[in-house]
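Engineer: Quick one: the structure is below, questions incoming.
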Amino acid sequence: MTDFYASPVAVDHWEQIEPWAVARVRLRRDTAAVPRSVVVKWIPDGQREALTASWRLRTELAALQFLEDDLGIGLSPRVIAADTALRFLVLEDLAPRVPLDQLLRRDGAAAHGDRLAAFARARGALSAATAGRAETYYARRAALGPVDTAADRTGRLAPLWEGAIEQASVLGVPLDGRAAHELSAVMGELASPGPFLALSNGDAEANNLLLHATGPADARVIDFEFAGYAHALTDAACLYVPGPAWLTVGDPTTTGLAEEYRRTLARGIPEAQDDRRFGYGLAAACVSWALVRLHRFALLDTRAPGDHSRLQLIATLEATAHTAENYRSLPRLTTWIRRLALVLRRRWPDVDQDLADSARFPPYQARH
């Protein structure tokens, strides 16, 4: 850090940001060029030998350097220092920005429409700026160690899809015939995105967008440990179907979030203006996420009546079907997904509730 700032830097004190291996480090400084604080991410001692831990660290380093040094787009924190052998990164401290999900939980979505719009634009902007630049990113990433480009697209999700299909058979709703053919097409779309191939941070959720509590300007995307090039619309699915933290996300078409995202995305991927291509890719991305959540059915089935994770699964399936129907895509898969949701409602009558009731289930209602 002394080399980076060309000025002496000393640590005053540090505080860990629980529950992650992340700390905010306060600095003593001799010049205004040195910031008051930085953020340090590291691999905990108990995980130091895990291959996935070192892989995540290298991936985050490559992604952040690619965005800042190669593209200069200002959507992420800057890397100040890194040591992959000692397994830590020193990053720009983005405070006083706070996570968007923190504001949504505290105040509700209705109070933060402008910040949700900033969230949608940030997702679109990341894809728009990185489309067509995969070769540059992977050259940087490969310099840090081996990388599986195919796994970045769908490889890590495929086992979850297979598990979901097995769970559907357990529920008496097997995937067969034309629905299975459509799912094969979905897998092909996600594996070969064409012009929609863009960098994702791998976790496009509201907790990974930091912005000022006083306004939506100057938002930043964080947490690139699982970054990689994938279908851009996998990052849009979070606007249409609930992520892990939410029971509902609302209808992004009526709230305007869909247009905010799509208009921003089209600046770098003009094909996003094509209703058919956009709708099909979006439906495929939502189906993929629904299957990822469905594979947890056996676990959810053991939980107590009224557990919100059950309601969340139903909400995810129904929101996926609704999105596909709106874009007139994947009709056989949509029918299959609706059948699954209906079977779950009957199996779990404690969560057979009207998710369309906006008073009981407002947009971005947190799952407790």
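Every chain in the structure tokens has a letter given in the order shown (A, B, ...), and although residue numbers restart at 1 in each chain, ligands are simply numbered from 1 in the order shown.
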Write out as CSV the residues of stretch 266-286 of chain A that have any atom within 9 Å of an atom of stretch 124-134 of chain A, one row each with the nearest atom pair and its distance in Å to one decimal, counting only C-alpha atoms, sorted by chain and then rising number.

Structural biologist:
```
residue,atom,partner,partner_atom,distance
A:Ala266,CA,A:Ala128,CA,6.9
A:Arg267,CA,A:Ala128,CA,6.1
A:Gly268,CA,A:Ala128,CA,3.9
A:Ile269,CA,A:Ala128,CA,5.9
```

Engineer: So that I can check the surroundings of A:Glu15, please list as an mmCIF file with all heavy atoms, in the first residue's frame every protein, DNA and RNA residue that reaches within 8 Å of it, counting only C-alpha atoms and ignoring chain neighbours fewer than 2 positions away.

Structural biologist:
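Result written to part22.cif:
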```cif
data_model
loop_
_atom_site.group_PDB
_atom_site.id
_atom_site.type_symbol
_atom_site.label_atom_id
_atom_site.label_comp_id
_atom_site.auth_asym_id
_atom_site.auth_seq_id
_atom_site.Cartn_x
_atom_site.Cartn_y
_atom_site.Cartn_z
ATOM 1 N N HIS A 13 -6.382 0.783 13.231
ATOM 2 C CA HIS A 13 -7.096 -0.358 13.810
ATOM 3 C C HIS A 13 -7.987 -0.972 12.735
ATOM 4 O O HIS A 13 -8.165 -0.396 11.663
ATOM 5 C CB HIS A 13 -7.928 0.052 15.024
ATOM 6 C CG HIS A 13 -9.094 0.931 14.701
ATOM 7 N ND1 HIS A 13 -8.969 2.293 14.519
ATOM 8 C CD2 HIS A 13 -10.420 0.637 14.496
ATOM 9 C CE1 HIS A 13 -10.159 2.814 14.239
ATOM 10 N NE2 HIS A 13 -11.049 1.836 14.212
ATOM 11 N N ILE A 17 -16.031 -7.383 9.464
ATOM 12 C CA ILE A 17 -17.421 -7.234 9.042
ATOM 13 C C ILE A 17 -18.031 -8.625 9.040
ATOM 14 O O ILE A 17 -17.865 -9.395 8.094
ATOM 15 C CB ILE A 17 -17.516 -6.575 7.654
ATOM 16 C CG1 ILE A 17 -16.793 -5.220 7.664
ATOM 17 C CG2 ILE A 17 -18.970 -6.405 7.232
ATOM 18 C CD1 ILE A 17 -16.702 -4.568 6.293
ATOM 19 N N ALA A 23 -12.692 -7.285 6.482
ATOM 20 C CA ALA A 23 -12.470 -6.308 7.550
ATOM 21 C C ALA A 23 -12.325 -4.912 6.962
ATOM 22 O O ALA A 23 -11.805 -4.741 5.846
ATOM 23 C CB ALA A 23 -11.237 -6.661 8.367
ATOM 24 N N ARG A 24 -12.782 -3.943 7.707
ATOM 25 C CA ARG A 24 -12.519 -2.540 7.375
ATOM 26 C C ARG A 24 -11.303 -2.118 8.185
ATOM 27 O O ARG A 24 -11.286 -2.229 9.421
ATOM 28 C CB ARG A 24 -13.728 -1.673 7.704
ATOM 29 C CG ARG A 24 -13.469 -0.172 7.529
ATOM 30 C CD ARG A 24 -14.742 0.644 7.557
ATOM 31 N NE ARG A 24 -15.493 0.477 6.312
ATOM 32 C CZ ARG A 24 -16.664 -0.159 6.227
ATOM 33 N NH1 ARG A 24 -17.213 -0.689 7.304
ATOM 34 N NH2 ARG A 24 -17.279 -0.275 5.066
ATOM 35 N N VAL A 25 -10.281 -1.634 7.496
ATOM 36 C CA VAL A 25 -9.012 -1.287 8.137
ATOM 37 C C VAL A 25 -8.844 0.226 8.114
ATOM 38 O O VAL A 25 -8.833 0.847 7.043
ATOM 39 C CB VAL A 25 -7.836 -1.970 7.415
ATOM 40 C CG1 VAL A 25 -6.514 -1.582 8.078
ATOM 41 C CG2 VAL A 25 -8.015 -3.484 7.423
#
```

Engineer: Find the residues around A:Leu340 up to 8 Å (only C-alpha atoms counted), leave out those fewer than 4 positions away in its own chain, and share them as number ranges by chain.

Structural biologist: A: 168, 171, 173, 317, 336, 344

Engineer: Using only C-alpha atoms for the distances, tell me which of A:Phe88, A:Tyr138, A:Tyr229, A:Tyr280 is nearest to A:Ala151.

Structural biologist: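 That would be A:Tyr229, the residue with the smallest distance to A:Ala151.
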
Engineer: Please identify the strand (DSSP E) residues within stretch 111-220 of chain A (assignment by DSSP from backbone atoms) and present them as a PyMOL selection string.

Structural biologist: chain A and resi 197-200+209-211+220

Engineer: I need the chosen residues saved as a PDB file, in the first residue's frame, with N, CA, C and O atoms.

Structural biologist:
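Produced file selection.pdb, reproduced below:
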```
ATOM      1  N   LEU A 197     -23.465 -12.876 -24.274  1.00  0.00           N
ATOM      2  CA  LEU A 197     -22.388 -13.318 -23.397  1.00  0.00           C
ATOM      3  C   LEU A 197     -21.735 -12.098 -22.739  1.00  0.00           C
ATOM      4  O   LEU A 197     -21.223 -11.217 -23.422  1.00  0.00           O
ATOM      5  N   ALA A 198     -21.758 -12.062 -21.417  1.00  0.00           N
ATOM      6  CA  ALA A 198     -21.236 -10.899 -20.690  1.00  0.00           C
ATOM      7  C   ALA A 198     -20.758 -11.335 -19.317  1.00  0.00           C
ATOM      8  O   ALA A 198     -21.086 -12.429 -18.839  1.00  0.00           O
ATOM      9  N   LEU A 199     -19.994 -10.470 -18.666  1.00  0.00           N
ATOM     10  CA  LEU A 199     -19.483 -10.793 -17.337  1.00  0.00           C
ATOM     11  C   LEU A 199     -20.576 -10.634 -16.294  1.00  0.00           C
ATOM     12  O   LEU A 199     -21.276  -9.622 -16.247  1.00  0.00           O
ATOM     13  N   SER A 200     -20.696 -11.637 -15.439  1.00  0.00           N
ATOM     14  CA  SER A 200     -21.582 -11.587 -14.270  1.00  0.00           C
ATOM     15  C   SER A 200     -20.730 -11.716 -13.024  1.00  0.00           C
ATOM     16  O   SER A 200     -19.700 -12.399 -13.034  1.00  0.00           O
ATOM     17  N   LEU A 209     -25.247  -4.812  -4.167  1.00  0.00           N
ATOM     18  CA  LEU A 209     -25.203  -3.457  -4.719  1.00  0.00           C
ATOM     19  C   LEU A 209     -25.089  -2.489  -3.551  1.00  0.00           C
ATOM     20  O   LEU A 209     -25.937  -2.482  -2.663  1.00  0.00           O
ATOM     21  N   LEU A 210     -24.044  -1.675  -3.567  1.00  0.00           N
ATOM     22  CA  LEU A 210     -23.850  -0.667  -2.525  1.00  0.00           C
ATOM     23  C   LEU A 210     -24.177   0.699  -3.110  1.00  0.00           C
ATOM     24  O   LEU A 210     -23.739   1.035  -4.217  1.00  0.00           O
ATOM     25  N   LEU A 211     -24.950   1.479  -2.349  1.00  0.00           N
ATOM     26  CA  LEU A 211     -25.267   2.841  -2.780  1.00  0.00           C
ATOM     27  C   LEU A 211     -25.458   3.724  -1.562  1.00  0.00           C
ATOM     28  O   LEU A 211     -25.554   3.258  -0.433  1.00  0.00           O
ATOM     29  N   ARG A 220     -22.363   0.851  -6.752  1.00  0.00           N
ATOM     30  CA  ARG A 220     -21.256  -0.056  -7.048  1.00  0.00           C
ATOM     31  C   ARG A 220     -21.697  -1.511  -6.831  1.00  0.00           C
ATOM     32  O   ARG A 220     -22.410  -1.817  -5.881  1.00  0.00           O
TER      33      ARG A 220
END
```

Engineer: Please list as a VMD selection string every residue within 7 Å of A:Ala290, counting only C-alpha atoms and excluding residues in the same chain fewer than 4 positions away.

Structural biologist: chain A and resid 286 294 316 to 317 320

Engineer: Go ahead and save the picked residues with N, CA, C and O atoms, as a CSV table (one decimal), in the first residue's frame.

Structural biologist:
```csv
chain,number,residue,atom,x,y,z
A,286,CYS,N,-34.8,-17.5,-16.1
A,286,CYS,CA,-35.7,-17.7,-14.9
A,286,CYS,C,-36.0,-19.1,-14.7
A,286,CYS,O,-36.1,-19.6,-13.5
A,294,LEU,N,-35.8,-25.5,-6.9
A,294,LEU,CA,-36.6,-26.7,-6.8
A,294,LEU,C,-35.8,-27.9,-6.3
A,294,LEU,O,-36.3,-28.8,-5.6
A,316,THR,N,-41.3,-18.6,-6.4
A,316,THR,CA,-40.3,-18.6,-7.5
A,316,THR,C,-40.9,-19.3,-8.7
A,316,THR,O,-40.7,-18.9,-9.9
A,317,LEU,N,-41.5,-20.5,-8.5
A,317,LEU,CA,-42.1,-21.2,-9.6
A,317,LEU,C,-43.1,-20.4,-10.4
A,317,LEU,O,-43.1,-20.3,-11.6
A,320,THR,N,-41.7,-17.4,-12.3
A,320,THR,CA,-41.0,-17.9,-13.5
A,320,THR,C,-42.0,-18.2,-14.6
A,320,THR,O,-41.9,-17.8,-15.8
```

Engineer: According to DSSP computed on the backbone, where in stretch 209-351 of chain A is there helix (DSSP H, G or I)? Give the residues as an MDAnalysis selection string.

Structural biologist: chainID A and resid 232:235 237:240 252:255 257:266 270:273 275:294 297:300 308:326 331:347 349:351

Engineer: Between A:Ala236, A:Glu162, A:Pro349, A:Asp83, single out the one closest to A:Leu257, counting only C-alpha atoms.

Structural biologist: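 Counting only C-alpha atoms, the residue closest to A:Leu257 is A:Ala236.
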